[in-house]
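Reproduced below: start-v8.cif, with mmCIF, C-alpha atoms.
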data_structure
#
loop_
_atom_site.group_PDB
_atom_site.id
_atom_site.type_symbol
_atom_site.label_atom_id
_atom_site.label_comp_id
_atom_site.auth_asym_id
_atom_site.auth_seq_id
_atom_site.Cartn_x
_atom_site.Cartn_y
_atom_site.Cartn_z
ATOM 1 C CA MET A 1 -4.425 -58.387 -16.421
ATOM 2 C CA ALA A 2 -4.301 -57.628 -12.682
ATOM 3 C CA GLU A 3 -0.713 -56.439 -13.071
ATOM 4 C CA VAL A 4 -1.763 -53.946 -15.747
ATOM 5 C CA THR A 5 -4.611 -52.631 -13.592
ATOM 6 C CA GLU A 6 -2.263 -52.270 -10.623
ATOM 7 C CA ARG A 7 0.286 -50.461 -12.784
ATOM 8 C CA ILE A 8 -2.393 -48.073 -14.111
ATOM 9 C CA LEU A 9 -3.548 -47.314 -10.546
ATOM 10 C CA GLU A 10 0.049 -46.736 -9.453
ATOM 11 C CA LEU A 11 0.709 -44.350 -12.350
ATOM 12 C CA GLU A 12 -2.519 -42.445 -11.648
ATOM 13 C CA ARG A 13 -1.519 -42.136 -7.983
ATOM 14 C CA ARG A 14 1.933 -40.859 -8.957
ATOM 15 C CA ARG A 15 0.382 -38.368 -11.366
ATOM 16 C CA SER A 16 -1.954 -37.139 -8.610
ATOM 17 C CA VAL A 17 0.950 -36.769 -6.156
ATOM 18 C CA ALA A 18 3.004 -34.894 -8.763
ATOM 19 C CA HIS A 19 0.085 -32.564 -9.420
ATOM 20 C CA MET A 20 -0.374 -31.878 -5.700
ATOM 21 C CA LYS A 21 3.353 -31.126 -5.343
ATOM 22 C CA PHE A 22 3.185 -28.794 -8.324
ATOM 23 C CA VAL A 23 0.207 -26.901 -6.864
ATOM 24 C CA GLN A 24 1.969 -26.661 -3.494
ATOM 25 C CA LEU A 25 5.113 -25.264 -5.158
ATOM 26 C CA LEU A 26 3.018 -22.718 -7.063
ATOM 27 C CA ASP A 27 1.296 -21.622 -3.842
ATOM 28 C CA GLU A 28 4.627 -21.322 -2.030
ATOM 29 C CA GLY A 29 6.134 -19.387 -4.950
ATOM 30 C CA ARG A 30 3.147 -17.043 -5.099
ATOM 31 C CA ALA A 31 3.335 -16.428 -1.350
ATOM 32 C CA GLN A 32 7.089 -15.763 -1.558
ATOM 33 C CA LEU A 33 6.607 -13.379 -4.478
ATOM 34 C CA LEU A 34 3.887 -11.466 -2.609
ATOM 35 C CA ARG A 35 6.114 -11.178 0.474
ATOM 36 C CA GLU A 36 8.993 -9.834 -1.603
ATOM 37 C CA VAL A 37 6.811 -7.360 -3.506
ATOM 38 C CA ASP A 38 5.185 -6.172 -0.255
ATOM 39 C CA ALA A 39 8.626 -5.593 1.275
ATOM 40 C CA ILE A 40 9.783 -3.645 -1.775
ATOM 41 C CA GLU A 41 6.628 -1.521 -1.850
ATOM 42 C CA GLU A 42 6.914 -0.807 1.878
ATOM 43 C CA GLU A 43 10.524 0.312 1.467
ATOM 44 C CA LEU A 44 9.537 2.548 -1.453
ATOM 45 C CA ARG A 45 6.736 4.097 0.617
ATOM 46 C CA GLN A 46 9.124 4.707 3.494
ATOM 47 C CA LEU A 47 11.731 6.297 1.229
ATOM 48 C CA VAL A 48 9.166 8.593 -0.352
ATOM 49 C CA SER A 49 7.762 9.430 3.071
ATOM 50 C CA LEU A 50 11.218 10.059 4.526
ATOM 51 C CA SER A 51 12.069 12.339 1.644
ATOM 52 C CA GLY A 52 9.568 14.794 3.108
ATOM 53 C CA GLN A 53 8.484 15.834 -0.353
ATOM 54 C CA LEU A 54 4.953 14.441 -0.313
ATOM 55 C CA PRO A 55 2.508 17.255 -1.069
ATOM 56 C CA VAL A 56 0.218 17.840 1.894
ATOM 57 C CA LEU A 57 -2.520 20.228 2.946
ATOM 58 C CA ILE A 58 -2.670 22.313 6.127
ATOM 59 C CA ARG A 59 -5.793 24.203 7.176
ATOM 60 C CA TRP A 60 -5.131 27.930 7.388
ATOM 61 C CA THR A 61 -8.630 29.221 8.220
ATOM 62 C CA PRO A 62 -9.727 30.270 11.728
ATOM 63 C CA GLY A 63 -10.932 27.491 13.986
ATOM 64 C CA PRO A 64 -9.513 24.951 16.379
ATOM 65 C CA GLU A 65 -5.743 24.736 16.681
ATOM 66 C CA VAL A 66 -4.143 23.017 13.695
ATOM 67 C CA THR A 67 -2.509 19.782 14.820
ATOM 68 C CA VAL A 68 -2.617 17.617 11.671
ATOM 69 C CA TYR A 69 -1.850 17.808 7.997
ATOM 70 C CA HIS A 70 -3.760 16.021 5.255
ATOM 71 C CA SER A 71 -2.874 14.078 2.128
ATOM 72 C CA GLU A 72 -3.181 16.366 -0.861
ATOM 73 C CA LYS A 73 -3.949 13.630 -3.361
ATOM 74 C CA HIS A 74 -6.154 11.394 -1.192
ATOM 75 C CA PRO A 75 -7.589 13.560 1.561
ATOM 76 C CA CYS A 76 -10.217 12.587 4.081
ATOM 77 C CA ARG A 77 -13.704 14.081 4.337
ATOM 78 C CA ARG A 78 -12.393 16.859 6.584
ATOM 79 C CA VAL A 79 -10.863 18.336 3.433
ATOM 80 C CA SER A 80 -13.229 17.208 0.703
ATOM 81 C CA GLY A 81 -16.466 16.642 2.610
ATOM 82 C CA ARG A 82 -19.729 18.501 2.338
ATOM 83 C CA GLY A 83 -19.315 22.184 3.092
ATOM 84 C CA ARG A 84 -15.508 21.858 2.976
ATOM 85 C CA HIS A 85 -13.352 23.731 0.506
ATOM 86 C CA ARG A 86 -9.811 23.047 -0.602
ATOM 87 C CA THR A 87 -9.239 26.770 -0.614
ATOM 88 C CA SER A 88 -9.243 26.531 3.193
ATOM 89 C CA PHE A 89 -6.031 24.529 2.999
ATOM 90 C CA GLN A 90 -2.498 25.593 2.142
ATOM 91 C CA ARG A 91 -0.404 23.249 -0.031
ATOM 92 C CA THR A 92 3.057 22.480 1.319
ATOM 93 C CA THR A 93 5.461 19.551 1.721
ATOM 94 C CA GLU A 94 5.307 16.947 4.420
ATOM 95 C CA GLN A 95 8.676 18.051 5.768
ATOM 96 C CA GLN A 96 7.421 21.597 6.284
ATOM 97 C CA ALA A 97 4.352 20.257 8.099
ATOM 98 C CA LEU A 98 6.572 18.110 10.318
ATOM 99 C CA ASN A 99 8.785 21.134 11.022
ATOM 100 C CA ARG A 100 5.672 22.875 12.364
ATOM 101 C CA GLY A 101 5.097 19.956 14.750
ATOM 102 C CA LEU A 102 2.032 18.645 12.926
ATOM 103 C CA THR A 103 1.127 14.977 12.610
ATOM 104 C CA ARG A 104 -0.503 13.015 9.807
ATOM 105 C CA CYS A 105 -4.282 12.891 9.711
ATOM 106 C CA THR A 106 -5.173 9.273 10.386
ATOM 107 C CA ALA A 107 -8.300 9.462 8.217
ATOM 108 C CA CYS A 108 -6.477 10.340 4.970
ATOM 109 C CA ASN A 109 -5.515 7.566 2.538
ATOM 110 C CA TRP A 110 -1.736 7.755 2.972
ATOM 111 C CA ALA A 111 -1.004 4.280 1.593
ATOM 112 C CA THR A 112 -2.374 5.163 -1.844
ATOM 113 C CA HIS A 113 -0.705 8.586 -1.771
ATOM 114 C CA GLU A 114 2.704 7.090 -0.928
ATOM 115 C CA ARG A 115 2.361 4.264 -3.455
ATOM 116 C CA GLU A 116 1.574 6.736 -6.235
ATOM 117 C CA ALA A 117 4.459 8.971 -5.204
ATOM 118 C CA ALA A 118 6.816 5.975 -5.157
ATOM 119 C CA GLU A 119 5.640 4.922 -8.612
ATOM 120 C CA ALA A 120 6.232 8.455 -9.891
ATOM 121 C CA HIS A 121 9.815 8.323 -8.568
ATOM 122 C CA ALA A 122 10.489 4.908 -10.103
#
Mind turning the file's structure into structure tokens?
Amino acid sequence: MAEVTERILELERRRSVAHMKFVQLLDEGRAQLLREVDAIEEELRQLVSLSGQLPVLIRWTPGPEVTVYHSEKHPCRRVSGRGRHRTSFQRTTEQQALNRGLTRCTACNWATHEREAAEAHA
């Protein structure tokens, strides 16, 4: 009887170890998959960004010197905020904005803009 009890305990321990290994492999696989997908998405964003074809907005109204351009699809509050009007901004491509020596507005949601543009090109 003691041998049977010992065998049952041994099998339960082995089952528990197998389950823990399985969970660890799943976690490692999930982490690897996320790393690979992140790398692919980053490369897509870079390719879309490097293409210079992202639609952007540049303020054309009088005021302080224009030094930045804004995301057309996901602009910051400087474009869409209270008392702001999109008609105060000219639509162009990112490459044209770069040619003018402008830099990206750091408040705009560029990650979402680039991801959507990459998905549209896919």
Quiz item: Between atom CA of A:Ser71 and atom CA of A:Ala111, what is the spacing in Å?
Solution: 10.0 Å
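Summary of the local environment: counting only C-alpha atoms, residues at most 10 Å from A:Cys108, other than itself and those fewer than 3 positions away along its chain, are Tyr69, His70, Ser71, Glu72, Lys73, His74, Pro75, Cys76, Arg77, Arg78, Val79, Arg104, Cys105, Ala111, Thr112 and His113 of chain A.
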Quiz item: To one decimal place, how far is atom CA of A:Ser16 from atom CA of A:Met1 in Å?
Solution: 22.8 Å
All file atoms of stretch 85-96 of chain A boxed axis-aligned, 6 Å per side, centre plus edges, as lines of an AutoDock Vina configuration file:
center_x = -2.3
center_y = 21.9
center_z = 2.8
size_x = 34.0
size_y = 21.8
size_z = 18.9
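What the PyMOL selection byres ((chain A and resi 60) around 6) picks from this file is Arg59, Thr61 and Phe89 of chain A.
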Exercise. Would you write out, as a PyMOL selection string, every residue that the PyMOL selection byres ((chain A and resi 94-97) around 9) captures in this file?
Key: chain A and resi 49-58+68-69+71+92-93+98-104
Exercise. Find the distance between atom CA of A:Val66 and atom CA of A:Glu114 and write it in Å to one decimal.
Key: 22.7 Å
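Proximity of A:Ser88, A:Arg115, A:Ala18, A:Val4 to A:Glu42, computed with all atoms listed in the file, is greatest for A:Arg115.
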Exercise. Select, from A:Glu6, A:Gln46, A:Ser80, A:Glu36, the residue with the minimum atom-to-atom distance to A:Ala107, counting only C-alpha atoms.
Key: A:Ser80
